[in-house]
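Here is the structure we will look at.
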2 protein chains.
Amino acid sequence: MDTYEKIIGLAKRRGFLWNSFELYGGTAGFYDYGPLGAMLKRRIEDIWREMYVIEEGFYEIETPTIGIEPIFVASGHTRGFSDPMVVCCGCDSAFRADHLIDGIVETPDALPAPEIKRLIDEHGIKCPQCGKTGTFGEVSSFNLMFRTAIGPGTERVGYLRPETAQGMFINFEHLFRFYREKLPFGVTQIGKSYRNEISPRQGVIRLREFTQAEAEIFINPRDKTHPKFSAVGDTILRLYPASQQEGGSGAGVVGGTGGADGGITEIAVRDAVNQGIIAHEFIAYHLVLTNLFLERVGIDPARLRFRQHQPDEMAHYAIDCWDAEVLTDRFGWVELVGIADRTDYDLTSHTTHSKHDLSVVLEYDTPEQVERIVVTPDMGVIGPRYKEKAGKVLAALKNLKEEDFSGDEIKVEVDCETIAIPRDLVEYKTIIEEVRGEKIVPHVIEPSFGIDRVIYAALEHSFAEEIVDCETRTVLRLPAEIAPVQVAVLPLLTRDELIEPALKIVQMCRRSGIFVSYDDGGTIGRRYRRNDEIGTPFSVTIDYDTLDDDTVTVRNRDSMAQIRVPVTKLVETIHEMLRDPTKFIIQSAQ
Amino acid sequence: MDTYEKIIGLAKRRGFLWNSFELYGGTAGFYDYGPLGAMLKRRIEDIWREMYVIEEGFYEIETPTIGIEPIFVASGHTRGFSDPMVVCCGCDSAFRADHLIDGIVETPDALPAPEIKRLIDEHGIKCPQCGKTGTFGEVSSFNLMFRTAIGPGTERVGYLRPETAQGMFINFEHLFRFYREKLPFGVTQIGKSYRNEISPRQGVIRLREFTQAEAEIFINPRDKTHPKFSAVGDTILRLYPASQQEGGSGAGVVGGTGGADGGITEIAVRDAVNQGIIAHEFIAYHLVLTNLFLERVGIDPARLRFRQHQPDEMAHYAIDCWDAEVLTDRFGWVELVGIADRTDYDLTSHTTHSKHDLSVVLEYDTPEQVERIVVTPDMGVIGPRYKEKAGKVLAALKNLKEEDFSGDEIKVEVDCETIAIPRDLVEYKTIIEEVRGEKIVPHVIEPSFGIDRVIYAALEHSFAEEIVDCETRTVLRLPAEIAPVQVAVLPLLTRDELIEPALKIVQMCRRSGIFVSYDDGGTIGRRYRRNDEIGTPFSVTIDYDTLDDDTVTVRNRDSMAQIRVPVTKLVETIHEMLRDPTKFIIQSAQ
């Protein structure tokens, strides 16, 4: 049994994750979060909000999961968001064509359709479903958006969004106004996205419906420094730059084992920017922020790296792109987060398709002085002389440049005819004009988090089995602030005189916002183990001493050490411990 | 301009609500939450969580928004979840057929399709789009679920869920096990649901994609008392019982003005249960909880009522159903919450369709003693005598009842043949058996909240215009705990010596989890008004006194009173004020 199997087993048994629609046979690519899983997810999302929404000041918005077609025509998803597919004529099953030749070539996902088909035939690939060979049809392209119709009939085509990002791009004008027309500003969204996989086979790692947390930060394309960079420049990250990768784009995608520890450089981000490894400060700052987030939610730093995209792997418009990847037991390195400089691609594309200019005027710190000439013709003469052509002559005169006034006559072109106008009928003067700014299309920096994968990785990296008292203890060493149940309240025995004060403590904790579970079934040792297995950081036990001196035992999940705490100080103590679990150890030692 | 228009105007201008896909012309029935709207929504959802998940202990789960077809066949949505539709052959527009005859009959939504068509023709109803008459085709039934396909081809039909509830019902077995096989227990879900309206025309009140917060509480059908009822029994609610409603089922649906204040009874819930107005304590308890929630998020108690469904309006399986309705300026009484006793309908229906028994054994408090006989045949004789039939004879004997042993012979039927067995070959004895419980299908109590409508109602009920200093002040008197921006930090003037300490205060507040905005543009009066308009409860002003004595001004949105607070105590003071804004007044008076 590999770690994945152990974790999924635990997750199903204890209410973290369930196969969706199991009652009706289930469908690949969908998972439910059970009571503990949903709580874990909520806490992880709340930490993300704390860091991105509150601390960075990137307001969150919420746009629909259904989008209308023009959005995805502009974003390119109606054309480019697809996978190569083959169908077996023997059993009618559909497969990712490139996955069938995994291992035969290094980068199957980079091959054109006919080439994939040729390799399938040449190597006599068997249908994974029915086992026949030679039954595969042509390789076609399958669009991965879920399609639906909005309103009756085929009135309006809708798609379930493949990323939350587009909802932010198409609101750019609203957002720019909300932020008082200043750059940079950031906006975030946490919500469902969809990818109608052909035949997903990687459990919770490859979902058809998943949760993204994305930030789109709109910046001045001429200034990619970051105001807070000096504060984080010393941070050491484990980078895996494109130049260090051998295998090309295949390395590092799910299942890729390329690299392991080879090619990873531990380097201060300031140096990485200075050496040109990371394109600029803004990307570097967000690599640091991502690193902070991932470590805070329980990702093991030793199994985390930032892998740079290869030039041929990156979207054609992107300048630089990094994936935060974690090492997993079954799937190798798995991407959790992508951090990209998307340039002005999205806004420019929406400008083109919506015919609505999304450029902005970026004000200079101090307005610039620009010389310009103003032409003033003598219309009292020009009007009568040129009659119906006078208007056009006037327009032509207004467009003249200073050098056009050098001779005795001024020549203008009107309706393919050159007209010479005496110099003295036209005056001009040079003025100095103030230009307050210039028109630009903002660039976008995008950190994009796959929340479901973060959750799985946090489970795998916090999972431990250890021998305690000759038995295997399974423990999830989740950080206290993400543990689904924060405190377990346990009467030592199932007796009314202990149950009653225990339930009072449950009430007291709940009122102060602590999420507690109550458990009075089985021996106390068994109940401790049950709570270790779901990662509950603290257990409070009510025993006969409680009735005498109004104190309870608080047990730490990781050290299994216990301290006595007066009931009157319990809530305060728990809040302190949740904020900083190391306090427990100090108190315990006193 | 009615209140709706004013609020939507404010909401669009200030970043609460935007029409979705506006850049591409928009589509009815979709709204975006802008930065302030999303924050407001989050806070309202968090209060719901605090009350239902933490305090009631109903764990939250998260199931996919896409569901497979068998779920909605079982739930009845593939058949029953539809509206009557007509299409105009003149302009191809589709309409809710029953809406076209609004006002002609009292309950158009209760009429069969041919009757609606007859009335449309008889009254010469014009097409609202092209204005022609006599162009409507037959009235058909339009299913309101968004349909999609999961995987390639038409492999698997999927629907976007019309309610979050089904995801909880189909997980009943997992949940029952999670709750250690005891009733009652509750489970909740907050998430997107979808309703593909034919032609929505009521702005944010009638959305095609919306957020629900639902609780499904599984209870013992034999016991609908509530353990906490005695604590809430005195609560006075504004009830509008079915018996008081004249107009039948039409009253009270969106747009209904039936009742206004007439027919509303203010009554203690205990009395309402005793008088048989509310079916039982469990429903009554949840009416109280709903009332608490709605008042907490800013619904005006004077514009809130609980309307009971008419017997012909309620789903056929429901025992009792109440809607929490609020009075709005444009739409009349609008339903925000439905609280229903759904009985065993859902679990029974999923049992039938999944062929998977969802009944549970409910343990008695004390096991019951039941008499039963145990038959022991003498196989040493019966075996050789009946040879190959011996097994069947044995099985038949084991099924005998006490009265079968009255004669000399015992007759059993084996393979359509009656066999007589001498009485002395069979012994039997009566034993007393313990029966630990009985099999039941739990009943479900469901409070179901439409979060988007709650948000709109909170905006409308907190909206006020008042004359201050000869100018109209627009203010959202949102409860402090739901206001999107909690504190505005404002340097008195745009000068570096004030900006710098102001930004330090911003940092300080953000680090302590307070959501602050910073604003240094325009006069201080104008900035106060801007914050009043979005409901910011407190503004902190940094002025030249701050530089001298390290104090700042804190201004209250509602009273416009100001107090001076030392910077060192600011965070603490704000946290106190957010918890209990009345403290401000006391402090201010000192």
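Labels used: A, B, ... for chains in the order of the structure tokens, numbers from 1 for residues in each chain, and numbers from 1 for ligands as shown.
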Practice item. Would you list, as a count of residues only, the residues of range 337-583 of chain A that end up in helix (DSSP H, G or I) under DSSP run on this structure's backbone? Key: 96
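Near Ala149 in chain B, within 9 Å and counting only C-alpha atoms, sit Phe146, Arg147, Thr148 and Asn196 of chain A; Arg147, Gly151, Pro152, Gly153, Thr154, Glu155, Arg156, Val157, Gly158 and Tyr159 of chain B, not including residues fewer than 2 positions from it in the same chain.
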Selection export as a tab-separated table (two decimals), in the first residue's frame, atoms kept: all heavy atoms:
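Wrote result-v6.tsv, looks like this:
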```tsv
chain	number	residue	atom	x	y	z
A	146	PHE	N	-16.70	22.31	-20.23
A	146	PHE	CA	-18.07	21.82	-20.15
A	146	PHE	C	-18.96	22.85	-20.84
A	146	PHE	O	-18.89	24.03	-20.53
A	146	PHE	CB	-18.52	21.69	-18.69
A	146	PHE	CG	-17.97	20.50	-17.97
A	146	PHE	CD1	-16.85	20.62	-17.15
A	146	PHE	CD2	-18.58	19.26	-18.09
A	146	PHE	CE1	-16.35	19.53	-16.46
A	146	PHE	CE2	-18.08	18.16	-17.40
A	146	PHE	CZ	-16.96	18.29	-16.58
A	147	ARG	N	-19.81	22.36	-21.73
A	147	ARG	CA	-20.66	23.24	-22.52
A	147	ARG	C	-22.09	23.13	-22.05
A	147	ARG	O	-22.55	22.07	-21.64
A	147	ARG	CB	-20.54	22.76	-23.97
A	147	ARG	CG	-21.17	23.61	-25.01
A	147	ARG	CD	-21.11	22.85	-26.34
A	147	ARG	NE	-22.05	23.44	-27.26
A	147	ARG	CZ	-21.70	24.27	-28.25
A	147	ARG	NH1	-20.44	24.54	-28.47
A	147	ARG	NH2	-22.62	24.79	-29.04
A	148	THR	N	-22.81	24.24	-22.08
A	148	THR	CA	-24.23	24.19	-21.73
A	148	THR	C	-24.96	25.27	-22.53
A	148	THR	O	-24.33	25.97	-23.34
A	148	THR	CB	-24.45	24.33	-20.21
A	148	THR	OG1	-25.81	24.05	-19.88
A	148	THR	CG2	-24.09	25.73	-19.71
A	196	ASN	N	-13.14	19.38	-18.37
A	196	ASN	CA	-13.84	18.14	-18.72
A	196	ASN	C	-12.85	17.10	-19.24
A	196	ASN	O	-12.84	16.77	-20.43
A	196	ASN	CB	-14.93	18.43	-19.74
A	196	ASN	CG	-15.94	17.30	-19.84
A	196	ASN	OD1	-15.92	16.35	-19.05
A	196	ASN	ND2	-16.83	17.40	-20.81
B	147	ARG	N	-27.90	21.69	-18.50
B	147	ARG	CA	-27.48	20.35	-18.87
B	147	ARG	C	-26.09	20.39	-19.48
B	147	ARG	O	-25.74	21.34	-20.17
B	147	ARG	CB	-28.48	19.83	-19.90
B	147	ARG	CG	-28.41	18.40	-20.25
B	147	ARG	CD	-29.37	18.18	-21.43
B	147	ARG	NE	-29.03	16.96	-22.13
B	147	ARG	CZ	-29.67	15.81	-21.96
B	147	ARG	NH1	-30.69	15.73	-21.15
B	147	ARG	NH2	-29.29	14.73	-22.61
B	151	GLY	N	-17.28	14.15	-19.84
B	151	GLY	CA	-16.41	13.34	-20.68
B	151	GLY	C	-16.77	13.51	-22.14
B	151	GLY	O	-17.67	14.27	-22.49
B	152	PRO	N	-16.06	12.78	-23.04
B	152	PRO	CA	-16.26	12.97	-24.48
B	152	PRO	C	-17.62	12.42	-24.91
B	152	PRO	O	-18.17	11.54	-24.27
B	152	PRO	CB	-15.15	12.14	-25.11
B	152	PRO	CG	-14.26	11.71	-24.01
B	152	PRO	CD	-15.03	11.78	-22.74
B	153	GLY	N	-18.09	12.93	-26.04
B	153	GLY	CA	-19.34	12.45	-26.62
B	153	GLY	C	-20.49	12.68	-25.67
B	153	GLY	O	-20.52	13.63	-24.90
B	154	THR	N	-21.46	11.81	-25.71
B	154	THR	CA	-22.60	11.94	-24.80
B	154	THR	C	-22.47	10.88	-23.72
B	154	THR	O	-23.45	10.34	-23.23
B	154	THR	CB	-23.91	11.76	-25.57
B	154	THR	OG1	-23.79	10.55	-26.33
B	154	THR	CG2	-24.17	12.91	-26.50
B	155	GLU	N	-21.23	10.58	-23.38
B	155	GLU	CA	-20.94	9.49	-22.47
B	155	GLU	C	-21.83	9.52	-21.23
B	155	GLU	O	-22.42	8.54	-20.83
B	155	GLU	CB	-19.47	9.58	-22.05
B	155	GLU	CG	-18.92	8.29	-21.52
B	155	GLU	CD	-17.48	8.46	-21.07
B	155	GLU	OE1	-16.58	8.58	-21.95
B	155	GLU	OE2	-17.24	8.50	-19.86
B	156	ARG	N	-21.91	10.68	-20.62
B	156	ARG	CA	-22.65	10.76	-19.35
B	156	ARG	C	-23.31	12.13	-19.28
B	156	ARG	O	-22.65	13.14	-19.40
B	156	ARG	CB	-21.63	10.58	-18.23
B	156	ARG	CG	-22.24	10.41	-16.88
B	156	ARG	CD	-21.69	9.20	-16.14
B	156	ARG	NE	-22.75	8.65	-15.32
B	156	ARG	CZ	-22.58	7.76	-14.37
B	156	ARG	NH1	-21.38	7.26	-14.15
B	156	ARG	NH2	-23.59	7.33	-13.67
B	157	VAL	N	-24.62	12.14	-19.07
B	157	VAL	CA	-25.33	13.40	-18.93
B	157	VAL	C	-25.09	13.96	-17.54
B	157	VAL	O	-25.13	13.24	-16.55
B	157	VAL	CB	-26.84	13.19	-19.15
B	157	VAL	CG1	-27.61	14.46	-18.82
B	157	VAL	CG2	-27.10	12.76	-20.59
B	158	GLY	N	-24.79	15.23	-17.47
B	158	GLY	CA	-24.63	15.89	-16.18
B	158	GLY	C	-25.52	17.11	-16.11
B	158	GLY	O	-25.90	17.68	-17.14
B	159	TYR	N	-25.89	17.49	-14.90
B	159	TYR	CA	-26.66	18.72	-14.70
B	159	TYR	C	-25.98	19.57	-13.64
B	159	TYR	O	-25.36	19.04	-12.72
B	159	TYR	CB	-28.07	18.39	-14.20
B	159	TYR	CG	-28.92	17.63	-15.20
B	159	TYR	CD1	-29.05	16.25	-15.12
B	159	TYR	CD2	-29.57	18.31	-16.23
B	159	TYR	CE1	-29.82	15.55	-16.04
B	159	TYR	CE2	-30.35	17.61	-17.15
B	159	TYR	CZ	-30.46	16.24	-17.06
B	159	TYR	OH	-31.23	15.55	-17.96
```
Check your understanding: Near Ile319 in chain B, counting only C-alpha atoms, which residues have an atom at most 8 Å away, once you skip same-chain residues fewer than 5 positions from it, shown as an NGL selection string?
Key -> :B and (279 or 340-343)
Find the nearest atom pair between each residue of chain A and chain B for residues within 7 Å, count only C-alpha atoms, give distances in Å to one decimal, sort rows by chain and ascending number, and present the table as a Markdown table.
```
| residue | atom | partner | partner_atom | distance |
| --- | --- | --- | --- | --- |
| A:Gly15 | CA | B:Phe178 | CA | 6.6 |
| A:Phe21 | CA | B:Ile170 | CA | 6.9 |
| A:Leu23 | CA | B:Ile170 | CA | 6.3 |
| A:Tyr24 | CA | B:Ser354 | CA | 6.0 |
| A:Phe30 | CA | B:Pro64 | CA | 6.9 |
| A:Asp32 | CA | B:Thr63 | CA | 4.6 |
| A:Tyr33 | CA | B:Glu62 | CA | 4.9 |
| A:Gly34 | CA | B:Ile61 | CA | 5.0 |
| A:Pro35 | CA | B:Ile61 | CA | 5.0 |
| A:Ala38 | CA | B:Ile61 | CA | 5.2 |
| A:Ile54 | CA | B:Arg510 | CA | 6.1 |
| A:Glu55 | CA | B:Arg510 | CA | 5.9 |
| A:Tyr59 | CA | B:Pro35 | CA | 5.3 |
| A:Glu60 | CA | B:Pro35 | CA | 5.5 |
| A:Ile61 | CA | B:Gly34 | CA | 5.0 |
| A:Glu62 | CA | B:Tyr33 | CA | 4.9 |
| A:Thr63 | CA | B:Asp32 | CA | 4.6 |
| A:Pro64 | CA | B:Asp32 | CA | 6.7 |
| A:Pro70 | CA | B:Tyr24 | CA | 6.8 |
| A:Phe146 | CA | B:Thr148 | CA | 6.4 |
| A:Arg147 | CA | B:Thr148 | CA | 5.8 |
| A:Thr148 | CA | B:Thr148 | CA | 5.2 |
| A:Ala149 | CA | B:Phe146 | CA | 6.9 |
| A:Ile150 | CA | B:Asn196 | CA | 6.5 |
| A:Gly151 | CA | B:Ile198 | CA | 5.2 |
| A:Pro152 | CA | B:Ile198 | CA | 5.9 |
| A:Ile170 | CA | B:Leu23 | CA | 6.3 |
| A:Phe178 | CA | B:Gly15 | CA | 6.6 |
| A:Asn196 | CA | B:Gly151 | CA | 5.8 |
| A:Glu197 | CA | B:Gly151 | CA | 6.2 |
| A:Ile198 | CA | B:Gly151 | CA | 5.2 |
| A:Ser199 | CA | B:Gly151 | CA | 7.0 |
| A:Glu209 | CA | B:Pro64 | CA | 6.8 |
| A:Ser354 | CA | B:Tyr24 | CA | 6.0 |
| A:Arg510 | CA | B:Glu55 | CA | 5.9 |
| A:Arg511 | CA | B:Glu55 | CA | 6.9 |
| A:Phe515 | CA | B:Ile54 | CA | 6.2 |
```
Review point. Residues at most 7 Å from range 226-234 of chain B, counting only C-alpha atoms, excluding those fewer than 6 positions away in the same chain, as a PyMOL selection string?
Key: chain B and resi 268-270+281-282+285
Can I get the selected residues back with C-alpha atoms, as an mmCIF file, in the first residue's frame?
```cif
data_model
loop_
_atom_site.group_PDB
_atom_site.id
_atom_site.type_symbol
_atom_site.label_atom_id
_atom_site.label_comp_id
_atom_site.auth_asym_id
_atom_site.auth_seq_id
_atom_site.Cartn_x
_atom_site.Cartn_y
_atom_site.Cartn_z
ATOM 1 C CA ALA B 268 -44.408 33.317 21.067
ATOM 2 C CA VAL B 269 -43.247 30.188 19.223
ATOM 3 C CA ARG B 270 -44.146 28.032 22.228
ATOM 4 C CA GLU B 281 -40.773 22.099 18.021
ATOM 5 C CA PHE B 282 -38.058 21.236 15.538
ATOM 6 C CA TYR B 285 -36.649 26.117 16.751
#
```
Review point. Quick one: residues within 7 Å of range 114-124 of chain A, only C-alpha atoms counted, chain neighbours fewer than 6 positions away excluded, as a list in words?
Key: Ala97, Asp98, Ile101, Thr133, Gly134, Glu138 and Val139 of chain A
Include N, CA, C and O atoms and write out the residues we just selected as a PDB file, in the first residue's frame.
```pdb
ATOM      1  N   ALA A  97      -4.855  10.569 -25.981  1.00  0.00           N
ATOM      2  CA  ALA A  97      -3.987   9.896 -26.951  1.00  0.00           C
ATOM      3  C   ALA A  97      -2.524   9.955 -26.528  1.00  0.00           C
ATOM      4  O   ALA A  97      -1.794   8.977 -26.610  1.00  0.00           O
ATOM      5  N   ASP A  98      -2.104  11.145 -26.029  1.00  0.00           N
ATOM      6  CA  ASP A  98      -0.688  11.281 -25.677  1.00  0.00           C
ATOM      7  C   ASP A  98      -0.319  10.413 -24.474  1.00  0.00           C
ATOM      8  O   ASP A  98       0.813   9.971 -24.349  1.00  0.00           O
ATOM      9  N   ILE A 101       1.104   6.884 -25.255  1.00  0.00           N
ATOM     10  CA  ILE A 101       2.494   6.683 -25.686  1.00  0.00           C
ATOM     11  C   ILE A 101       3.479   7.257 -24.669  1.00  0.00           C
ATOM     12  O   ILE A 101       4.636   7.527 -24.993  1.00  0.00           O
ATOM     13  N   THR A 133      -5.715  -4.541 -29.919  1.00  0.00           N
ATOM     14  CA  THR A 133      -4.816  -3.611 -30.602  1.00  0.00           C
ATOM     15  C   THR A 133      -5.397  -3.280 -31.975  1.00  0.00           C
ATOM     16  O   THR A 133      -6.237  -4.013 -32.495  1.00  0.00           O
ATOM     17  N   GLY A 134      -4.907  -2.187 -32.533  1.00  0.00           N
ATOM     18  CA  GLY A 134      -5.350  -1.798 -33.874  1.00  0.00           C
ATOM     19  C   GLY A 134      -6.784  -1.312 -33.932  1.00  0.00           C
ATOM     20  O   GLY A 134      -7.364  -1.222 -35.009  1.00  0.00           O
ATOM     21  N   GLU A 138      -8.696   7.794 -35.520  1.00  0.00           N
ATOM     22  CA  GLU A 138      -7.797   8.935 -35.654  1.00  0.00           C
ATOM     23  C   GLU A 138      -7.703   9.700 -34.332  1.00  0.00           C
ATOM     24  O   GLU A 138      -8.600   9.643 -33.503  1.00  0.00           O
ATOM     25  N   VAL A 139      -6.601  10.446 -34.185  1.00  0.00           N
ATOM     26  CA  VAL A 139      -6.459  11.297 -33.012  1.00  0.00           C
ATOM     27  C   VAL A 139      -7.178  12.620 -33.288  1.00  0.00           C
ATOM     28  O   VAL A 139      -6.885  13.300 -34.271  1.00  0.00           O
TER      29      VAL A 139
END
```
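If you look at CA of Ala457 in chain B and CA of Val326 in chain B, they are 7.2 Å away from each other.
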Exercise for review: Please report, as a PyMOL selection string, each residue of range 370-418 of chain B to which DSSP assigns strand (DSSP E or B) when run on this structure's backbone.
Suggested key: chain B and resi 370-377+409-414+417-418
Could you please take those selected residues and save all heavy atoms as a compact mmCIF listing (two decimals), in the first residue's frame?
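Saved file result_27.txt follows:
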```txt
# COMPACT_ATOMS: atom_id res chain seq x y z
N VAL B 370 -37.99 -9.56 23.68
CA VAL B 370 -38.99 -10.14 22.78
C VAL B 370 -38.90 -11.67 22.86
O VAL B 370 -37.81 -12.23 22.84
CB VAL B 370 -38.75 -9.66 21.33
CG1 VAL B 370 -39.72 -10.34 20.37
CG2 VAL B 370 -38.90 -8.15 21.26
N GLU B 371 -40.08 -12.33 22.95
CA GLU B 371 -40.12 -13.80 23.02
C GLU B 371 -40.01 -14.42 21.64
O GLU B 371 -40.58 -13.89 20.69
CB GLU B 371 -41.48 -14.23 23.60
CG GLU B 371 -41.36 -14.87 24.97
CD GLU B 371 -42.72 -15.42 25.39
OE1 GLU B 371 -43.41 -16.06 24.55
OE2 GLU B 371 -43.08 -15.20 26.55
N ARG B 372 -39.29 -15.52 21.56
CA ARG B 372 -39.11 -16.14 20.26
C ARG B 372 -38.85 -17.63 20.53
O ARG B 372 -38.31 -17.98 21.59
CB ARG B 372 -37.89 -15.47 19.61
CG ARG B 372 -37.54 -15.94 18.22
CD ARG B 372 -36.54 -14.98 17.58
NE ARG B 372 -35.17 -15.33 17.89
CZ ARG B 372 -34.53 -16.39 17.37
NH1 ARG B 372 -35.14 -17.21 16.55
NH2 ARG B 372 -33.27 -16.64 17.69
N ILE B 373 -39.23 -18.53 19.56
CA ILE B 373 -38.92 -19.95 19.82
C ILE B 373 -37.75 -20.40 18.96
O ILE B 373 -37.50 -19.87 17.88
CB ILE B 373 -40.13 -20.88 19.58
CG1 ILE B 373 -40.51 -20.90 18.08
CG2 ILE B 373 -41.32 -20.53 20.46
CD1 ILE B 373 -41.37 -22.10 17.74
N VAL B 374 -37.02 -21.35 19.51
CA VAL B 374 -35.89 -21.92 18.78
C VAL B 374 -36.19 -23.41 18.60
O VAL B 374 -36.49 -24.12 19.55
CB VAL B 374 -34.58 -21.75 19.58
CG1 VAL B 374 -33.43 -22.42 18.85
CG2 VAL B 374 -34.30 -20.27 19.81
N VAL B 375 -36.13 -23.85 17.32
CA VAL B 375 -36.49 -25.23 16.98
C VAL B 375 -35.22 -26.07 16.79
O VAL B 375 -34.30 -25.64 16.11
CB VAL B 375 -37.32 -25.25 15.67
CG1 VAL B 375 -37.70 -26.67 15.28
CG2 VAL B 375 -38.56 -24.37 15.82
N THR B 376 -35.16 -27.25 17.44
CA THR B 376 -33.98 -28.10 17.31
C THR B 376 -34.41 -29.50 16.87
O THR B 376 -34.83 -30.33 17.68
CB THR B 376 -33.26 -28.23 18.68
OG1 THR B 376 -33.41 -27.02 19.40
CG2 THR B 376 -31.79 -28.59 18.50
N PRO B 377 -34.37 -29.81 15.54
CA PRO B 377 -34.79 -31.13 15.07
C PRO B 377 -33.69 -32.16 15.37
O PRO B 377 -32.53 -31.81 15.50
CB PRO B 377 -34.95 -30.93 13.56
CG PRO B 377 -34.77 -29.45 13.32
CD PRO B 377 -33.96 -28.93 14.45
N GLU B 409 -48.19 -34.81 15.10
CA GLU B 409 -47.32 -34.68 13.94
C GLU B 409 -47.11 -33.20 13.62
O GLU B 409 -47.96 -32.37 13.91
CB GLU B 409 -47.98 -35.32 12.72
CG GLU B 409 -47.91 -36.84 12.74
CD GLU B 409 -48.49 -37.40 11.46
OE1 GLU B 409 -49.25 -36.66 10.77
OE2 GLU B 409 -48.18 -38.53 11.12
N ILE B 410 -45.97 -32.95 12.97
CA ILE B 410 -45.70 -31.58 12.52
C ILE B 410 -45.68 -31.61 11.00
O ILE B 410 -45.01 -32.45 10.41
CB ILE B 410 -44.33 -31.10 13.04
CG1 ILE B 410 -44.34 -31.13 14.58
CG2 ILE B 410 -44.01 -29.70 12.55
CD1 ILE B 410 -42.97 -31.07 15.17
N LYS B 411 -46.49 -30.75 10.39
CA LYS B 411 -46.56 -30.77 8.93
C LYS B 411 -45.75 -29.61 8.33
O LYS B 411 -45.93 -28.47 8.74
CB LYS B 411 -48.02 -30.67 8.47
CG LYS B 411 -48.74 -31.98 8.76
CD LYS B 411 -50.19 -31.94 8.35
CE LYS B 411 -50.79 -33.34 8.60
NZ LYS B 411 -52.20 -33.21 9.02
N VAL B 412 -44.89 -29.98 7.40
CA VAL B 412 -44.14 -28.92 6.69
C VAL B 412 -44.34 -29.12 5.19
O VAL B 412 -44.59 -30.23 4.73
CB VAL B 412 -42.63 -28.92 7.02
CG1 VAL B 412 -42.40 -28.52 8.46
CG2 VAL B 412 -42.01 -30.27 6.71
N GLU B 413 -44.23 -28.04 4.47
CA GLU B 413 -44.42 -28.04 3.02
C GLU B 413 -43.02 -27.99 2.38
O GLU B 413 -42.27 -27.06 2.63
CB GLU B 413 -45.21 -26.76 2.64
CG GLU B 413 -45.83 -26.80 1.28
CD GLU B 413 -47.31 -27.23 1.35
OE1 GLU B 413 -47.78 -27.62 2.46
OE2 GLU B 413 -47.96 -27.19 0.31
N VAL B 414 -42.69 -29.00 1.60
CA VAL B 414 -41.40 -28.97 0.90
C VAL B 414 -41.63 -29.30 -0.56
O VAL B 414 -42.18 -30.36 -0.88
CB VAL B 414 -40.40 -29.98 1.53
CG1 VAL B 414 -39.14 -30.09 0.67
CG2 VAL B 414 -40.04 -29.57 2.95
N GLU B 417 -44.99 -30.43 -1.52
CA GLU B 417 -45.41 -31.72 -0.95
C GLU B 417 -45.48 -31.54 0.57
O GLU B 417 -44.62 -30.91 1.17
CB GLU B 417 -44.34 -32.76 -1.32
CG GLU B 417 -44.57 -34.13 -0.73
CD GLU B 417 -43.31 -35.01 -0.92
OE1 GLU B 417 -42.38 -34.55 -1.65
OE2 GLU B 417 -43.23 -36.09 -0.37
N THR B 418 -46.55 -32.04 1.18
CA THR B 418 -46.66 -31.91 2.64
C THR B 418 -46.04 -33.14 3.30
O THR B 418 -46.35 -34.28 2.95
CB THR B 418 -48.13 -31.78 3.06
OG1 THR B 418 -48.69 -30.65 2.36
CG2 THR B 418 -48.25 -31.54 4.56
```
Exercise for review: Excluding Tyr52 in chain A and residues on its chain fewer than 5 positions from it, collect all residues at most 12 Å away from it, counting only C-alpha atoms, and give them as a VMD selection string.
Suggested key: (chain A and resid 45 to 47 57 to 60 185 to 190 213 to 217 286 289 to 290 292 to 293 447 to 449) or (chain B and resid 510)
